[in-house]
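Note: the block below is structure_18.pdb and it holds PDB, N, CA and C atoms.
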```pdb
ATOM      1  N   MET A  53      55.831 -27.428 -21.750
ATOM      2  CA  MET A  53      55.369 -27.269 -20.379
ATOM      3  C   MET A  53      56.315 -28.003 -19.448
ATOM      4  N   ASN A  54      56.645 -27.380 -18.343
ATOM      5  CA  ASN A  54      57.484 -27.982 -17.323
ATOM      6  C   ASN A  54      56.573 -28.490 -16.214
ATOM      7  N   PHE A  55      56.549 -29.784 -15.995
ATOM      8  CA  PHE A  55      55.644 -30.366 -15.009
ATOM      9  C   PHE A  55      56.097 -30.149 -13.569
ATOM     10  N   MET A  56      57.362 -29.780 -13.356
ATOM     11  CA  MET A  56      57.852 -29.537 -11.999
ATOM     12  C   MET A  56      57.429 -28.156 -11.488
ATOM     13  N   THR A  57      57.585 -27.126 -12.321
ATOM     14  CA  THR A  57      57.293 -25.761 -11.875
ATOM     15  C   THR A  57      56.055 -25.174 -12.533
ATOM     16  N   GLY A  58      55.583 -25.747 -13.638
ATOM     17  CA  GLY A  58      54.387 -25.264 -14.303
ATOM     18  C   GLY A  58      54.637 -24.275 -15.419
ATOM     19  N   TYR A  59      55.874 -23.850 -15.625
ATOM     20  CA  TYR A  59      56.155 -22.913 -16.721
ATOM     21  C   TYR A  59      57.529 -23.212 -17.301
ATOM     22  N   VAL A  60      57.762 -22.681 -18.472
ATOM     23  CA  VAL A  60      59.036 -22.859 -19.163
ATOM     24  C   VAL A  60      59.636 -21.482 -19.394
ATOM     25  N   PRO A  61      60.935 -21.283 -19.126
ATOM     26  CA  PRO A  61      61.550 -19.980 -19.402
ATOM     27  C   PRO A  61      61.426 -19.625 -20.879
ATOM     28  N   THR A  62      61.189 -18.354 -21.179
ATOM     29  CA  THR A  62      60.988 -17.945 -22.561
ATOM     30  C   THR A  62      62.210 -17.257 -23.165
ATOM     31  N   TRP A  63      63.122 -16.777 -22.354
ATOM     32  CA  TRP A  63      64.320 -16.133 -22.870
ATOM     33  C   TRP A  63      65.468 -17.113 -22.796
ATOM     34  N   LYS A  64      66.347 -17.053 -23.784
ATOM     35  CA  LYS A  64      67.561 -17.840 -23.719
ATOM     36  C   LYS A  64      68.670 -17.077 -24.421
ATOM     37  N   ARG A  65      69.875 -17.428 -24.075
ATOM     38  CA  ARG A  65      71.048 -16.836 -24.710
ATOM     39  C   ARG A  65      72.137 -17.901 -24.767
ATOM     40  N   TYR A  66      73.148 -17.619 -25.558
ATOM     41  CA  TYR A  66      74.273 -18.539 -25.672
ATOM     42  C   TYR A  66      75.503 -17.896 -25.043
ATOM     43  N   ARG A  67      76.257 -18.698 -24.338
ATOM     44  CA  ARG A  67      77.528 -18.267 -23.761
ATOM     45  C   ARG A  67      78.628 -19.014 -24.512
ATOM     46  N   TYR A  68      79.632 -18.266 -24.961
ATOM     47  CA  TYR A  68      80.734 -18.843 -25.722
ATOM     48  C   TYR A  68      82.009 -18.806 -24.894
ATOM     49  N   TYR A  69      82.806 -19.863 -25.020
ATOM     50  CA  TYR A  69      84.126 -19.936 -24.410
ATOM     51  C   TYR A  69      85.108 -20.281 -25.508
ATOM     52  N   ARG A  70      86.254 -19.588 -25.503
ATOM     53  CA  ARG A  70      87.256 -19.783 -26.542
ATOM     54  C   ARG A  70      88.608 -19.993 -25.883
ATOM     55  N   LEU A  71      89.315 -21.035 -26.322
ATOM     56  CA  LEU A  71      90.655 -21.319 -25.838
ATOM     57  C   LEU A  71      91.586 -21.344 -27.033
ATOM     58  N   VAL A  72      92.648 -20.557 -26.981
ATOM     59  CA  VAL A  72      93.661 -20.543 -28.038
ATOM     60  C   VAL A  72      95.002 -20.862 -27.394
ATOM     61  N   TRP A  73      95.686 -21.839 -27.964
ATOM     62  CA  TRP A  73      96.982 -22.236 -27.444
ATOM     63  C   TRP A  73      97.973 -22.244 -28.590
ATOM     64  N   GLN A  74      99.113 -21.576 -28.398
ATOM     65  CA  GLN A  74     100.121 -21.504 -29.453
ATOM     66  C   GLN A  74     101.446 -22.003 -28.909
ATOM     67  N   LYS A  75     102.054 -22.911 -29.652
ATOM     68  CA  LYS A  75     103.355 -23.453 -29.284
ATOM     69  C   LYS A  75     104.455 -22.497 -29.742
ATOM     70  N   GLY A  76     105.621 -22.681 -29.196
ATOM     71  CA  GLY A  76     106.759 -21.855 -29.582
ATOM     72  C   GLY A  76     107.124 -21.993 -31.050
ATOM     73  N   SER A  77     106.820 -23.148 -31.640
ATOM     74  CA  SER A  77     107.132 -23.383 -33.053
ATOM     75  C   SER A  77     106.178 -22.651 -33.993
ATOM     76  N   GLY A  78     105.094 -22.081 -33.458
ATOM     77  CA  GLY A  78     104.122 -21.371 -34.285
ATOM     78  C   GLY A  78     102.844 -22.147 -34.522
ATOM     79  N   GLN A  79     102.817 -23.437 -34.193
ATOM     80  CA  GLN A  79     101.587 -24.215 -34.310
ATOM     81  C   GLN A  79     100.581 -23.703 -33.291
ATOM     82  N   SER A  80      99.295 -23.725 -33.664
ATOM     83  CA  SER A  80      98.277 -23.272 -32.714
ATOM     84  C   SER A  80      97.010 -24.108 -32.865
ATOM     85  N   ILE A  81      96.221 -24.108 -31.806
ATOM     86  CA  ILE A  81      94.920 -24.769 -31.818
ATOM     87  C   ILE A  81      93.926 -23.820 -31.154
ATOM     88  N   GLU A  82      92.731 -23.743 -31.719
ATOM     89  CA  GLU A  82      91.655 -22.927 -31.156
ATOM     90  C   GLU A  82      90.441 -23.822 -30.949
ATOM     91  N   LEU A  83      89.873 -23.763 -29.751
ATOM     92  CA  LEU A  83      88.678 -24.527 -29.405
ATOM     93  C   LEU A  83      87.577 -23.546 -29.048
ATOM     94  N   LEU A  84      86.362 -23.782 -29.555
ATOM     95  CA  LEU A  84      85.228 -22.903 -29.283
ATOM     96  C   LEU A  84      84.054 -23.738 -28.789
ATOM     97  N   TRP A  85      83.545 -23.393 -27.609
ATOM     98  CA  TRP A  85      82.393 -24.057 -27.016
ATOM     99  C   TRP A  85      81.220 -23.095 -26.963
ATOM    100  N   ARG A  86      80.008 -23.640 -27.073
ATOM    101  CA  ARG A  86      78.802 -22.831 -26.903
ATOM    102  C   ARG A  86      77.876 -23.549 -25.924
ATOM    103  N   PHE A  87      77.372 -22.779 -24.952
ATOM    104  CA  PHE A  87      76.443 -23.295 -23.959
ATOM    105  C   PHE A  87      75.174 -22.458 -23.985
ATOM    106  N   GLU A  88      74.048 -23.090 -23.747
ATOM    107  CA  GLU A  88      72.755 -22.411 -23.750
ATOM    108  C   GLU A  88      72.362 -22.063 -22.310
ATOM    109  N   GLU A  89      71.876 -20.839 -22.101
ATOM    110  CA  GLU A  89      71.380 -20.399 -20.796
ATOM    111  C   GLU A  89      69.932 -19.959 -20.941
ATOM    112  N   PHE A  90      69.127 -20.289 -19.948
ATOM    113  CA  PHE A  90      67.721 -19.889 -19.930
ATOM    114  C   PHE A  90      67.500 -18.851 -18.837
ATOM    115  N   TYR A  91      66.536 -17.970 -19.042
ATOM    116  CA  TYR A  91      66.194 -16.954 -18.057
ATOM    117  C   TYR A  91      64.954 -17.388 -17.292
ATOM    118  N   ASP A  92      65.053 -17.353 -15.990
ATOM    119  CA  ASP A  92      63.949 -17.687 -15.100
ATOM    120  C   ASP A  92      63.574 -16.405 -14.352
ATOM    121  N   SER A  93      62.322 -15.984 -14.435
ATOM    122  CA  SER A  93      61.906 -14.720 -13.827
ATOM    123  C   SER A  93      62.073 -14.721 -12.309
ATOM    124  N   GLN A  94      62.131 -15.881 -11.689
ATOM    125  CA  GLN A  94      62.306 -15.949 -10.240
ATOM    126  C   GLN A  94      63.771 -16.024  -9.827
ATOM    127  N   ASN A  95      64.610 -16.669 -10.654
ATOM    128  CA  ASN A  95      66.003 -16.909 -10.277
ATOM    129  C   ASN A  95      67.020 -16.228 -11.178
ATOM    130  N   GLY A  96      66.572 -15.542 -12.212
ATOM    131  CA  GLY A  96      67.498 -14.906 -13.147
ATOM    132  C   GLY A  96      68.049 -15.914 -14.142
ATOM    133  N   TRP A  97      69.252 -15.656 -14.648
ATOM    134  CA  TRP A  97      69.867 -16.553 -15.635
ATOM    135  C   TRP A  97      70.311 -17.826 -14.947
ATOM    136  N   LEU A  98      69.915 -18.957 -15.520
ATOM    137  CA  LEU A  98      70.265 -20.262 -14.976
ATOM    138  C   LEU A  98      71.622 -20.694 -15.520
ATOM    139  N   ASP A  99      72.195 -21.727 -14.920
ATOM    140  CA  ASP A  99      73.506 -22.212 -15.336
ATOM    141  C   ASP A  99      73.510 -22.639 -16.801
ATOM    142  N   ALA A 100      74.660 -22.502 -17.433
ATOM    143  CA  ALA A 100      74.819 -22.890 -18.828
ATOM    144  C   ALA A 100      74.585 -24.385 -18.984
ATOM    145  N   ASP A 101      74.014 -24.766 -20.136
ATOM    146  CA  ASP A 101      73.652 -26.152 -20.395
ATOM    147  C   ASP A 101      73.915 -26.458 -21.862
ATOM    148  N   MET A 102      73.931 -27.731 -22.212
ATOM    149  CA  MET A 102      74.133 -28.141 -23.603
ATOM    150  C   MET A 102      72.926 -28.942 -24.083
ATOM    151  N   THR A 103      71.713 -28.389 -23.971
ATOM    152  CA  THR A 103      70.509 -29.159 -24.262
ATOM    153  C   THR A 103      69.806 -28.788 -25.552
ATOM    154  N   ASP A 104      70.244 -27.767 -26.251
ATOM    155  CA  ASP A 104      69.548 -27.318 -27.456
ATOM    156  C   ASP A 104      69.716 -28.337 -28.574
ATOM    157  N   GLY A 105      68.610 -28.878 -29.071
ATOM    158  CA  GLY A 105      68.682 -29.871 -30.134
ATOM    159  C   GLY A 105      68.742 -29.259 -31.528
ATOM    160  N   ASN A 106      68.361 -27.992 -31.690
ATOM    161  CA  ASN A 106      68.319 -27.365 -33.009
ATOM    162  C   ASN A 106      69.669 -26.812 -33.434
ATOM    163  N   LEU A 107      70.361 -26.192 -32.534
ATOM    164  CA  LEU A 107      71.667 -25.613 -32.830
ATOM    165  C   LEU A 107      72.726 -26.348 -32.025
ATOM    166  N   PRO A 108      73.929 -26.478 -32.582
ATOM    167  CA  PRO A 108      74.949 -27.234 -31.855
ATOM    168  C   PRO A 108      75.390 -26.511 -30.593
ATOM    169  N   CYS A 109      75.439 -27.241 -29.515
ATOM    170  CA  CYS A 109      75.978 -26.747 -28.247
ATOM    171  C   CYS A 109      77.136 -27.657 -27.854
ATOM    172  N   GLY A 110      77.973 -27.179 -26.969
ATOM    173  CA  GLY A 110      79.175 -27.926 -26.607
ATOM    174  C   GLY A 110      80.308 -27.457 -27.500
ATOM    175  N   LEU A 111      81.251 -28.341 -27.771
ATOM    176  CA  LEU A 111      82.385 -28.007 -28.631
ATOM    177  C   LEU A 111      81.893 -27.872 -30.065
ATOM    178  N   ILE A 112      81.963 -26.666 -30.619
ATOM    179  CA  ILE A 112      81.413 -26.444 -31.956
ATOM    180  C   ILE A 112      82.473 -26.181 -33.020
ATOM    181  N   ARG A 113      83.718 -25.879 -32.599
ATOM    182  CA  ARG A 113      84.740 -25.648 -33.620
ATOM    183  C   ARG A 113      86.127 -25.940 -33.058
ATOM    184  N   VAL A 114      86.938 -26.598 -33.861
ATOM    185  CA  VAL A 114      88.347 -26.829 -33.558
ATOM    186  C   VAL A 114      89.141 -26.394 -34.777
ATOM    187  N   THR A 115      90.085 -25.474 -34.586
ATOM    188  CA  THR A 115      90.918 -24.994 -35.687
ATOM    189  C   THR A 115      92.370 -25.243 -35.331
ATOM    190  N   VAL A 116      93.080 -25.973 -36.195
ATOM    191  CA  VAL A 116      94.502 -26.261 -35.989
ATOM    192  C   VAL A 116      95.264 -25.570 -37.086
ATOM    193  N   GLN A 117      96.259 -24.757 -36.703
ATOM    194  CA  GLN A 117      97.097 -24.039 -37.672
ATOM    195  C   GLN A 117      98.511 -24.595 -37.594
ATOM    196  N   PRO A 118      99.074 -25.020 -38.718
ATOM    197  CA  PRO A 118     100.462 -25.504 -38.706
ATOM    198  C   PRO A 118     101.433 -24.345 -38.552
ATOM    199  N   ALA A 119     102.664 -24.677 -38.202
ATOM    200  CA  ALA A 119     103.704 -23.648 -38.095
ATOM    201  C   ALA A 119     103.982 -23.061 -39.470
ATOM    202  N   GLU A 120     104.282 -21.777 -39.507
ATOM    203  CA  GLU A 120     104.543 -21.113 -40.794
ATOM    204  C   GLU A 120     106.007 -21.190 -41.155
TER     205      GLU A 120
END
```
Go ahead and render the structure in this file as structure tokens.
Amino acid sequence: MNFMTGYVPTWKRYRYYRLVWQKGSGQSIELLWRFEEFYDSQNGWLDADMTDGNLPCGLIRVTVQPAE
């Protein structure tokens, strides 16, 4: 229960952001973030947040590849 508005949004989705950077030598790094968004029937989708305690939100994966 939300004591400010009296209700809690029931829909949610995750928004993912991915950054891949590759150097001229062939080395690369990939970063993956996940943010949680809630749906509010009055305001639509609310801003992305990192509040989910069950599933990891924020930076969830870093992959570093050496030069071949």
Original post:
Using the chain letters and numbers from the file, which residues does the PyMOL selection byres ((chain A and resi 69-79) around 7) grab, as a VMD selection string?
Top reply: chain A and resid 67 to 68 80 to 87 116 to 120
Original post:
Written as JSON, numbers by chain, what is the full residue list that the PyMOL selection byres ((chain A and resi 64) around 8) yields on the file shown?
Top reply: {"A": [61, 62, 63, 65, 66, 67, 88, 89, 90, 91, 92]}
Please dump the current selection as a compact mmCIF listing (two decimals), in the coordinates of the input; keep N, CA and C atoms.
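Okay, result.txt is ready:
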```
# COMPACT_ATOMS: atom_id res chain seq x y z
N PRO A 61 60.94 -21.28 -19.13
CA PRO A 61 61.55 -19.98 -19.40
C PRO A 61 61.43 -19.62 -20.88
N THR A 62 61.19 -18.35 -21.18
CA THR A 62 60.99 -17.94 -22.56
C THR A 62 62.21 -17.26 -23.16
N TRP A 63 63.12 -16.78 -22.35
CA TRP A 63 64.32 -16.13 -22.87
C TRP A 63 65.47 -17.11 -22.80
N ARG A 65 69.88 -17.43 -24.08
CA ARG A 65 71.05 -16.84 -24.71
C ARG A 65 72.14 -17.90 -24.77
N TYR A 66 73.15 -17.62 -25.56
CA TYR A 66 74.27 -18.54 -25.67
C TYR A 66 75.50 -17.90 -25.04
N ARG A 67 76.26 -18.70 -24.34
CA ARG A 67 77.53 -18.27 -23.76
C ARG A 67 78.63 -19.01 -24.51
N GLU A 88 74.05 -23.09 -23.75
CA GLU A 88 72.76 -22.41 -23.75
C GLU A 88 72.36 -22.06 -22.31
N GLU A 89 71.88 -20.84 -22.10
CA GLU A 89 71.38 -20.40 -20.80
C GLU A 89 69.93 -19.96 -20.94
N PHE A 90 69.13 -20.29 -19.95
CA PHE A 90 67.72 -19.89 -19.93
C PHE A 90 67.50 -18.85 -18.84
N TYR A 91 66.54 -17.97 -19.04
CA TYR A 91 66.19 -16.95 -18.06
C TYR A 91 64.95 -17.39 -17.29
N ASP A 92 65.05 -17.35 -15.99
CA ASP A 92 63.95 -17.69 -15.10
C ASP A 92 63.57 -16.40 -14.35
```
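What separates CA of Gly110 in chain A from CA of Gln94 in chain A is a distance of 26.4 Å.
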Original post:
What does the distance from CA of Trp97 in chain A to CA of Ile112 in chain A come to in Å, to one decimal?
Top reply: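 Between CA of Trp97 in chain A and CA of Ile112 in chain A the gap is 22.3 Å.
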Enclosing box along x, y and z for every listed atom of range 94-97 of chain A, padded 8 Å each side, centre and size in Å, one decimal, as JSON:
```
{"center_x": 66.2, "center_y": -16.4, "center_z": -12.7, "size_x": 24.2, "size_y": 18.9, "size_z": 21.8}
```
